[in-house]
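Reproduced below: my_file.pdb, with PDB, N, CA and C atoms.
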MODEL        1
ATOM      1  N   MET A 236       6.395  14.659   0.271
ATOM      2  CA  MET A 236       5.504  13.839   1.063
ATOM      3  C   MET A 236       6.026  13.810   2.499
ATOM      4  N   PRO A 237       5.156  14.016   3.476
ATOM      5  CA  PRO A 237       5.620  14.049   4.861
ATOM      6  C   PRO A 237       5.935  12.657   5.398
ATOM      7  N   SER A 238       6.769  12.634   6.410
ATOM      8  CA  SER A 238       6.997  11.431   7.205
ATOM      9  C   SER A 238       6.768  11.830   8.661
ATOM     10  N   TYR A 239       6.776  10.850   9.532
ATOM     11  CA  TYR A 239       6.514  11.102  10.949
ATOM     12  C   TYR A 239       7.636  10.514  11.778
ATOM     13  N   GLN A 240       7.808  11.083  12.978
ATOM     14  CA  GLN A 240       8.831  10.581  13.888
ATOM     15  C   GLN A 240       8.341  10.728  15.321
ATOM     16  N   LEU A 241       8.997   9.992  16.220
ATOM     17  CA  LEU A 241       8.709  10.058  17.649
ATOM     18  C   LEU A 241       9.879  10.718  18.348
ATOM     19  N   ARG A 242       9.567  11.639  19.259
ATOM     20  CA  ARG A 242      10.613  12.331  20.004
ATOM     21  C   ARG A 242      10.287  12.268  21.501
ATOM     22  N   ASP A 243      11.281  11.902  22.304
ATOM     23  CA  ASP A 243      11.170  11.947  23.760
ATOM     24  C   ASP A 243      11.213  13.428  24.153
ATOM     25  N   THR A 244      10.184  13.901  24.850
ATOM     26  CA  THR A 244      10.144  15.332  25.156
ATOM     27  C   THR A 244      11.149  15.737  26.229
ATOM     28  N   ALA A 245      11.575  14.797  27.080
ATOM     29  CA  ALA A 245      12.532  15.130  28.136
ATOM     30  C   ALA A 245      13.954  15.263  27.588
ATOM     31  N   THR A 246      14.344  14.335  26.724
ATOM     32  CA  THR A 246      15.723  14.322  26.220
ATOM     33  C   THR A 246      15.857  14.954  24.842
ATOM     34  N   ARG A 247      14.714  15.164  24.167
ATOM     35  CA  ARG A 247      14.657  15.673  22.791
ATOM     36  C   ARG A 247      15.226  14.664  21.784
ATOM     37  N   GLN A 248      15.480  13.446  22.219
ATOM     38  CA  GLN A 248      16.016  12.400  21.351
ATOM     39  C   GLN A 248      14.919  11.846  20.442
ATOM     40  N   VAL A 249      15.241  11.696  19.142
ATOM     41  CA  VAL A 249      14.327  11.066  18.207
ATOM     42  C   VAL A 249      14.460   9.561  18.379
ATOM     43  N   LEU A 250      13.336   8.897  18.655
ATOM     44  CA  LEU A 250      13.344   7.461  18.938
ATOM     45  C   LEU A 250      12.957   6.618  17.742
ATOM     46  N   ALA A 251      12.208   7.186  16.824
ATOM     47  CA  ALA A 251      11.826   6.491  15.589
ATOM     48  C   ALA A 251      11.616   7.557  14.530
ATOM     49  N   ARG A 252      12.063   7.277  13.322
ATOM     50  CA  ARG A 252      11.903   8.255  12.242
ATOM     51  C   ARG A 252      11.477   7.553  10.968
ATOM     52  N   ASP A 253      11.131   8.360   9.986
ATOM     53  CA  ASP A 253      10.712   7.856   8.666
ATOM     54  C   ASP A 253       9.489   6.950   8.747
ATOM     55  N   LEU A 254       8.551   7.285   9.636
ATOM     56  CA  LEU A 254       7.300   6.542   9.740
ATOM     57  C   LEU A 254       6.336   7.077   8.691
ATOM     58  N   ALA A 255       5.570   6.199   8.076
ATOM     59  CA  ALA A 255       4.762   6.552   6.909
ATOM     60  C   ALA A 255       3.637   7.530   7.210
ATOM     61  N   ASP A 256       2.985   7.364   8.369
ATOM     62  CA  ASP A 256       1.829   8.204   8.675
ATOM     63  C   ASP A 256       1.586   8.203  10.183
ATOM     64  N   TYR A 257       0.550   8.942  10.593
ATOM     65  CA  TYR A 257       0.249   9.057  12.024
ATOM     66  C   TYR A 257      -0.074   7.697  12.652
ATOM     67  N   PRO A 258      -0.904   6.852  12.017
ATOM     68  CA  PRO A 258      -1.154   5.519  12.606
ATOM     69  C   PRO A 258       0.131   4.693  12.760
ATOM     70  N   ALA A 259       1.076   4.837  11.854
ATOM     71  CA  ALA A 259       2.350   4.117  11.982
ATOM     72  C   ALA A 259       3.128   4.634  13.191
ATOM     73  N   ALA A 260       3.032   5.937  13.461
ATOM     74  CA  ALA A 260       3.698   6.504  14.632
ATOM     75  C   ALA A 260       3.055   5.982  15.913
ATOM     76  N   GLU A 261       1.730   5.886  15.932
ATOM     77  CA  GLU A 261       1.056   5.331  17.107
ATOM     78  C   GLU A 261       1.415   3.860  17.311
ATOM     79  N   ALA A 262       1.540   3.109  16.235
ATOM     80  CA  ALA A 262       1.950   1.704  16.338
ATOM     81  C   ALA A 262       3.374   1.606  16.883
ATOM     82  N   ALA A 263       4.250   2.514  16.462
ATOM     83  CA  ALA A 263       5.620   2.536  16.976
ATOM     84  C   ALA A 263       5.623   2.841  18.474
ATOM     85  N   LEU A 264       4.733   3.728  18.922
ATOM     86  CA  LEU A 264       4.608   4.011  20.354
ATOM     87  C   LEU A 264       4.165   2.765  21.117
ATOM     88  N   ASP A 265       3.227   2.014  20.553
ATOM     89  CA  ASP A 265       2.778   0.778  21.194
ATOM     90  C   ASP A 265       3.923  -0.222  21.315
ATOM     91  N   ARG A 266       4.715  -0.355  20.264
ATOM     92  CA  ARG A 266       5.863  -1.277  20.306
ATOM     93  C   ARG A 266       6.886  -0.810  21.343
ATOM     94  N   LEU A 267       7.127   0.485  21.409
ATOM     95  CA  LEU A 267       8.061   1.044  22.391
ATOM     96  C   LEU A 267       7.571   0.760  23.807
ATOM     97  N   ASP A 268       6.297   0.959  24.054
ATOM     98  CA  ASP A 268       5.697   0.684  25.358
ATOM     99  C   ASP A 268       5.872  -0.781  25.725
ATOM    100  N   ASP A 269       5.550  -1.679  24.804
ATOM    101  CA  ASP A 269       5.687  -3.118  25.053
ATOM    102  C   ASP A 269       7.133  -3.496  25.349
ATOM    103  N   GLN A 270       8.070  -2.936  24.577
ATOM    104  CA  GLN A 270       9.485  -3.265  24.775
ATOM    105  C   GLN A 270       9.990  -2.764  26.129
ATOM    106  N   LEU A 271       9.609  -1.554  26.510
ATOM    107  CA  LEU A 271      10.035  -1.025  27.807
ATOM    108  C   LEU A 271       9.469  -1.854  28.956
ATOM    109  N   GLU A 272       8.195  -2.237  28.861
ATOM    110  CA  GLU A 272       7.585  -3.092  29.889
ATOM    111  C   GLU A 272       8.339  -4.423  29.989
ATOM    112  N   GLN A 273       8.646  -5.006  28.847
ATOM    113  CA  GLN A 273       9.356  -6.284  28.825
ATOM    114  C   GLN A 273      10.754  -6.138  29.426
ATOM    115  N   ASP A 274      11.447  -5.073  29.091
ATOM    116  CA  ASP A 274      12.791  -4.843  29.637
ATOM    117  C   ASP A 274      12.752  -4.703  31.158
ATOM    118  N   LEU A 275      11.760  -3.974  31.675
ATOM    119  CA  LEU A 275      11.635  -3.838  33.127
ATOM    120  C   LEU A 275      11.404  -5.188  33.779
ATOM    121  N   GLU A 276      10.512  -5.982  33.184
ATOM    122  CA  GLU A 276      10.204  -7.295  33.746
ATOM    123  C   GLU A 276      11.427  -8.219  33.689
ATOM    124  N   THR A 277      12.138  -8.207  32.567
ATOM    125  CA  THR A 277      13.326  -9.043  32.406
ATOM    126  C   THR A 277      14.385  -8.706  33.447
ATOM    127  N   ASN A 278      14.514  -7.420  33.755
ATOM    128  CA  ASN A 278      15.510  -6.971  34.727
ATOM    129  C   ASN A 278      15.025  -7.093  36.164
ATOM    130  N   GLY A 279      13.806  -7.585  36.347
ATOM    131  CA  GLY A 279      13.276  -7.754  37.693
ATOM    132  C   GLY A 279      12.984  -6.438  38.382
ATOM    133  N   GLU A 280      12.710  -5.415  37.616
ATOM    134  CA  GLU A 280      12.468  -4.101  38.190
ATOM    135  C   GLU A 280      10.980  -3.870  38.359
ATOM    136  N   GLY A 281      10.580  -3.622  39.576
ATOM    137  CA  GLY A 281       9.199  -3.243  39.849
ATOM    138  C   GLY A 281       9.112  -1.733  39.827
ATOM    139  N   ALA A 282       8.737  -1.180  38.715
ATOM    140  CA  ALA A 282       8.837   0.255  38.494
ATOM    141  C   ALA A 282       7.788   1.073  39.213
ATOM    142  N   GLY A 283       6.732   0.443  39.685
ATOM    143  CA  GLY A 283       5.637   1.250  40.203
ATOM    144  C   GLY A 283       4.994   1.978  39.044
ATOM    145  N   ARG A 284       5.390   3.182  38.827
ATOM    146  CA  ARG A 284       4.913   3.959  37.675
ATOM    147  C   ARG A 284       6.069   4.786  37.125
ATOM    148  N   ILE A 285       6.212   4.735  35.851
ATOM    149  CA  ILE A 285       7.152   5.595  35.130
ATOM    150  C   ILE A 285       6.339   6.320  34.087
ATOM    151  N   ARG A 286       6.459   7.619  34.039
ATOM    152  CA  ARG A 286       5.712   8.405  33.050
ATOM    153  C   ARG A 286       6.697   8.945  32.022
ATOM    154  N   LEU A 287       6.441   8.616  30.768
ATOM    155  CA  LEU A 287       7.263   9.096  29.657
ATOM    156  C   LEU A 287       6.375   9.903  28.723
ATOM    157  N   ARG A 288       6.922  11.004  28.230
ATOM    158  CA  ARG A 288       6.161  11.856  27.323
ATOM    159  C   ARG A 288       6.843  11.880  25.958
ATOM    160  N   PHE A 289       6.026  11.703  24.928
ATOM    161  CA  PHE A 289       6.544  11.674  23.559
ATOM    162  C   PHE A 289       5.726  12.587  22.668
ATOM    163  N   ASN A 290       6.382  13.210  21.733
ATOM    164  CA  ASN A 290       5.704  13.949  20.682
ATOM    165  C   ASN A 290       5.733  13.117  19.415
ATOM    166  N   ILE A 291       4.627  13.152  18.690
ATOM    167  CA  ILE A 291       4.624  12.658  17.316
ATOM    168  C   ILE A 291       4.807  13.894  16.454
ATOM    169  N   GLU A 292       5.809  13.857  15.608
ATOM    170  CA  GLU A 292       6.128  15.009  14.765
ATOM    171  C   GLU A 292       5.971  14.650  13.293
ATOM    172  N   LYS A 293       5.388  15.576  12.561
ATOM    173  CA  LYS A 293       5.315  15.445  11.108
ATOM    174  C   LYS A 293       6.526  16.181  10.544
ATOM    175  N   VAL A 294       7.255  15.511   9.649
ATOM    176  CA  VAL A 294       8.454  16.098   9.049
ATOM    177  C   VAL A 294       8.176  16.362   7.578
ATOM    178  N   MET A 295       8.309  17.616   7.194
ATOM    179  CA  MET A 295       8.070  18.008   5.806
ATOM    180  C   MET A 295       9.221  18.922   5.390
ATOM    181  N   ASP A 296       9.918  18.533   4.343
ATOM    182  CA  ASP A 296      11.057  19.312   3.845
ATOM    183  C   ASP A 296      12.083  19.593   4.935
ATOM    184  N   GLY A 297      12.310  18.600   5.800
ATOM    185  CA  GLY A 297      13.318  18.712   6.845
ATOM    186  C   GLY A 297      12.883  19.489   8.075
ATOM    187  N   VAL A 298      11.645  19.958   8.113
ATOM    188  CA  VAL A 298      11.139  20.723   9.251
ATOM    189  C   VAL A 298      10.153  19.861  10.035
ATOM    190  N   ALA A 299      10.404  19.701  11.331
ATOM    191  CA  ALA A 299       9.554  18.881  12.195
ATOM    192  C   ALA A 299       8.540  19.760  12.915
ATOM    193  N   GLU A 300       7.285  19.288  12.933
ATOM    194  CA  GLU A 300       6.201  19.994  13.609
ATOM    195  C   GLU A 300       5.454  18.993  14.483
ATOM    196  N   ALA A 301       5.314  19.306  15.772
ATOM    197  CA  ALA A 301       4.585  18.419  16.679
ATOM    198  C   ALA A 301       3.109  18.399  16.287
ATOM    199  N   VAL A 302       2.567  17.195  16.083
ATOM    200  CA  VAL A 302       1.163  17.047  15.706
ATOM    201  C   VAL A 302       0.409  16.148  16.684
ATOM    202  N   GLY A 303       1.107  15.634  17.678
ATOM    203  CA  GLY A 303       0.472  14.789  18.682
ATOM    204  C   GLY A 303       1.370  14.651  19.886
ATOM    205  N   HIS A 304       0.759  14.394  21.028
ATOM    206  CA  HIS A 304       1.513  14.230  22.275
ATOM    207  C   HIS A 304       0.932  13.028  23.002
ATOM    208  N   HIS A 305       1.802  12.138  23.443
ATOM    209  CA  HIS A 305       1.358  10.940  24.143
ATOM    210  C   HIS A 305       2.137  10.781  25.436
ATOM    211  N   VAL A 306       1.462  10.281  26.443
ATOM    212  CA  VAL A 306       2.087   9.963  27.722
ATOM    213  C   VAL A 306       1.937   8.467  27.926
ATOM    214  N   LEU A 307       3.065   7.795  28.147
ATOM    215  CA  LEU A 307       3.046   6.362  28.442
ATOM    216  C   LEU A 307       3.278   6.177  29.935
ATOM    217  N   LEU A 308       2.438   5.384  30.568
ATOM    218  CA  LEU A 308       2.634   5.020  31.960
ATOM    219  C   LEU A 308       3.102   3.572  31.986
ATOM    220  N   LEU A 309       4.298   3.362  32.508
ATOM    221  CA  LEU A 309       4.867   2.020  32.561
ATOM    222  C   LEU A 309       4.924   1.547  33.998
ATOM    223  N   GLY A 310       4.889   0.255  34.174
ATOM    224  CA  GLY A 310       5.070  -0.307  35.496
ATOM    225  C   GLY A 310       4.717  -1.776  35.493
ATOM    226  N   THR A 311       5.671  -2.604  35.870
ATOM    227  CA  THR A 311       5.411  -4.041  35.874
ATOM    228  C   THR A 311       4.670  -4.475  37.123
ATOM    229  N   ASP A 312       4.616  -3.618  38.134
ATOM    230  CA  ASP A 312       3.920  -4.003  39.354
ATOM    231  C   ASP A 312       2.666  -3.170  39.560
ATOM    232  N   ASN A 313       1.994  -2.840  38.464
ATOM    233  CA  ASN A 313       0.757  -2.062  38.553
ATOM    234  C   ASN A 313      -0.264  -2.810  39.396
ATOM    235  N   GLN A 314      -0.936  -2.076  40.257
ATOM    236  CA  GLN A 314      -1.982  -2.659  41.088
ATOM    237  C   GLN A 314      -3.276  -2.737  40.284
ATOM    238  N   PRO A 315      -4.086  -3.747  40.536
ATOM    239  CA  PRO A 315      -5.383  -3.791  39.844
ATOM    240  C   PRO A 315      -6.225  -2.588  40.257
ATOM    241  N   ASP A 316      -7.140  -2.217  39.381
ATOM    242  CA  ASP A 316      -8.027  -1.096  39.626
ATOM    243  C   ASP A 316      -8.897  -1.426  40.828
ATOM    244  N   PRO A 317      -8.878  -0.597  41.899
ATOM    245  CA  PRO A 317      -9.650  -0.912  43.101
ATOM    246  C   PRO A 317     -11.150  -0.678  42.928
ATOM    247  N   LEU A 318     -11.543   0.006  41.873
ATOM    248  CA  LEU A 318     -12.970   0.256  41.656
ATOM    249  C   LEU A 318     -13.594  -0.901  40.891
ATOM    250  N   PRO A 319     -14.786  -1.303  41.288
ATOM    251  CA  PRO A 319     -15.435  -2.398  40.559
ATOM    252  C   PRO A 319     -15.837  -1.960  39.153
ATOM    253  N   ALA A 320     -15.856  -2.906  38.251
ATOM    254  CA  ALA A 320     -16.280  -2.621  36.870
ATOM    255  C   ALA A 320     -17.767  -2.311  36.873
ATOM    256  N   LEU A 321     -18.159  -1.415  36.005
ATOM    257  CA  LEU A 321     -19.588  -1.056  35.899
ATOM    258  C   LEU A 321     -20.299  -1.971  34.944
TER     259      LEU A 321
ENDMDL
END
Can the structure from this file be put into structure tokens for me?
Amino acid sequence: MPSYQLRDTATRQVLARDLADYPAAEAALDRLDDQLEQDLETNGEGAGRIRLRFNIEKVMDGVAEAVGHHVLLLGTDNQPDPLPAL
């Protein structure tokens, strides 16, 4: 039975492993995003924008295969959208 994991594409570091399925991997990405935003705010860092890239990998019999790619944009000082809502 496959499991899923998250990998930082820049460092190749596995950030979460043994996730049950693809939705669990996406939920782990959401938690990671929330935690990073909170850490920046706690440290008083106005990041502007930080772009992080992650792969969601399916692991079967010890072999990892990328099955999804996500980009997280972080920043505690994000400006509101200058375009009016439609």
Using the chain letters and numbering of this document, enumerate as a CSV table (one decimal) with N, CA and C atoms, in the frame of the given file the residues selected by the PyMOL selection byres (((chain A and resi 304 and name CA) around 6) and name CA).
chain,number,residue,atom,x,y,z
A,289,PHE,N,6.0,11.7,24.9
A,289,PHE,CA,6.5,11.7,23.6
A,289,PHE,C,5.7,12.6,22.7
A,290,ASN,N,6.4,13.2,21.7
A,290,ASN,CA,5.7,13.9,20.7
A,290,ASN,C,5.7,13.1,19.4
A,303,GLY,N,1.1,15.6,17.7
A,303,GLY,CA,0.5,14.8,18.7
A,303,GLY,C,1.4,14.7,19.9
A,305,HIS,N,1.8,12.1,23.4
A,305,HIS,CA,1.4,10.9,24.1
A,305,HIS,C,2.1,10.8,25.4
inquiry  = Just the number, please: distance in Å from atom CA of Met295 of chain A to atom CA of Ala245 of chain A, one decimal.
reply    =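 Calculated distance between atom CA of Met295 of chain A and atom CA of Ala245 of chain A is 23.0 Å.
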Report the residues of chain A whose backbone DSSP state falls under helix (DSSP H, G or I), written as a compact mmCIF listing (two decimals) with N, CA and C atoms, in the coordinates of the input.
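This went into result_12.txt:
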# COMPACT_ATOMS: atom_id res chain seq x y z
N TYR A 257 0.55 8.94 10.59
CA TYR A 257 0.25 9.06 12.02
C TYR A 257 -0.07 7.70 12.65
N PRO A 258 -0.90 6.85 12.02
CA PRO A 258 -1.15 5.52 12.61
C PRO A 258 0.13 4.69 12.76
N ALA A 259 1.08 4.84 11.85
CA ALA A 259 2.35 4.12 11.98
C ALA A 259 3.13 4.63 13.19
N ALA A 260 3.03 5.94 13.46
CA ALA A 260 3.70 6.50 14.63
C ALA A 260 3.06 5.98 15.91
N GLU A 261 1.73 5.89 15.93
CA GLU A 261 1.06 5.33 17.11
C GLU A 261 1.42 3.86 17.31
N ALA A 262 1.54 3.11 16.24
CA ALA A 262 1.95 1.70 16.34
C ALA A 262 3.37 1.61 16.88
N ALA A 263 4.25 2.51 16.46
CA ALA A 263 5.62 2.54 16.98
C ALA A 263 5.62 2.84 18.47
N LEU A 264 4.73 3.73 18.92
CA LEU A 264 4.61 4.01 20.35
C LEU A 264 4.16 2.76 21.12
N ASP A 265 3.23 2.01 20.55
CA ASP A 265 2.78 0.78 21.19
C ASP A 265 3.92 -0.22 21.32
N ARG A 266 4.72 -0.36 20.26
CA ARG A 266 5.86 -1.28 20.31
C ARG A 266 6.89 -0.81 21.34
N LEU A 267 7.13 0.48 21.41
CA LEU A 267 8.06 1.04 22.39
C LEU A 267 7.57 0.76 23.81
N ASP A 268 6.30 0.96 24.05
CA ASP A 268 5.70 0.68 25.36
C ASP A 268 5.87 -0.78 25.72
N ASP A 269 5.55 -1.68 24.80
CA ASP A 269 5.69 -3.12 25.05
C ASP A 269 7.13 -3.50 25.35
N GLN A 270 8.07 -2.94 24.58
CA GLN A 270 9.48 -3.26 24.78
C GLN A 270 9.99 -2.76 26.13
N LEU A 271 9.61 -1.55 26.51
CA LEU A 271 10.04 -1.02 27.81
C LEU A 271 9.47 -1.85 28.96
N GLU A 272 8.20 -2.24 28.86
CA GLU A 272 7.58 -3.09 29.89
C GLU A 272 8.34 -4.42 29.99
N GLN A 273 8.65 -5.01 28.85
CA GLN A 273 9.36 -6.28 28.82
C GLN A 273 10.75 -6.14 29.43
N ASP A 274 11.45 -5.07 29.09
CA ASP A 274 12.79 -4.84 29.64
C ASP A 274 12.75 -4.70 31.16
N LEU A 275 11.76 -3.97 31.68
CA LEU A 275 11.64 -3.84 33.13
C LEU A 275 11.40 -5.19 33.78
N GLU A 276 10.51 -5.98 33.18
CA GLU A 276 10.20 -7.30 33.75
C GLU A 276 11.43 -8.22 33.69
N THR A 277 12.14 -8.21 32.57
CA THR A 277 13.33 -9.04 32.41
C THR A 277 14.38 -8.71 33.45
inquiry  = I'd like the contact shell of segment 248-255 of chain A - 5 Å cut-off, all atoms listed in the file, skipping same-chain residues fewer than 4 positions apart - returned as a list in words.
reply    =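 Using all atoms listed in the file, the neighbours found are Ser238, Tyr239, Gln240, Leu241, Arg242 and Asp243 of chain A.
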key: Computed interatomic separation between atom CA of Ala259 of chain A and atom CA of Ile285 of chain A (Å)   =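 These two atoms are separated by 23.7 Å.
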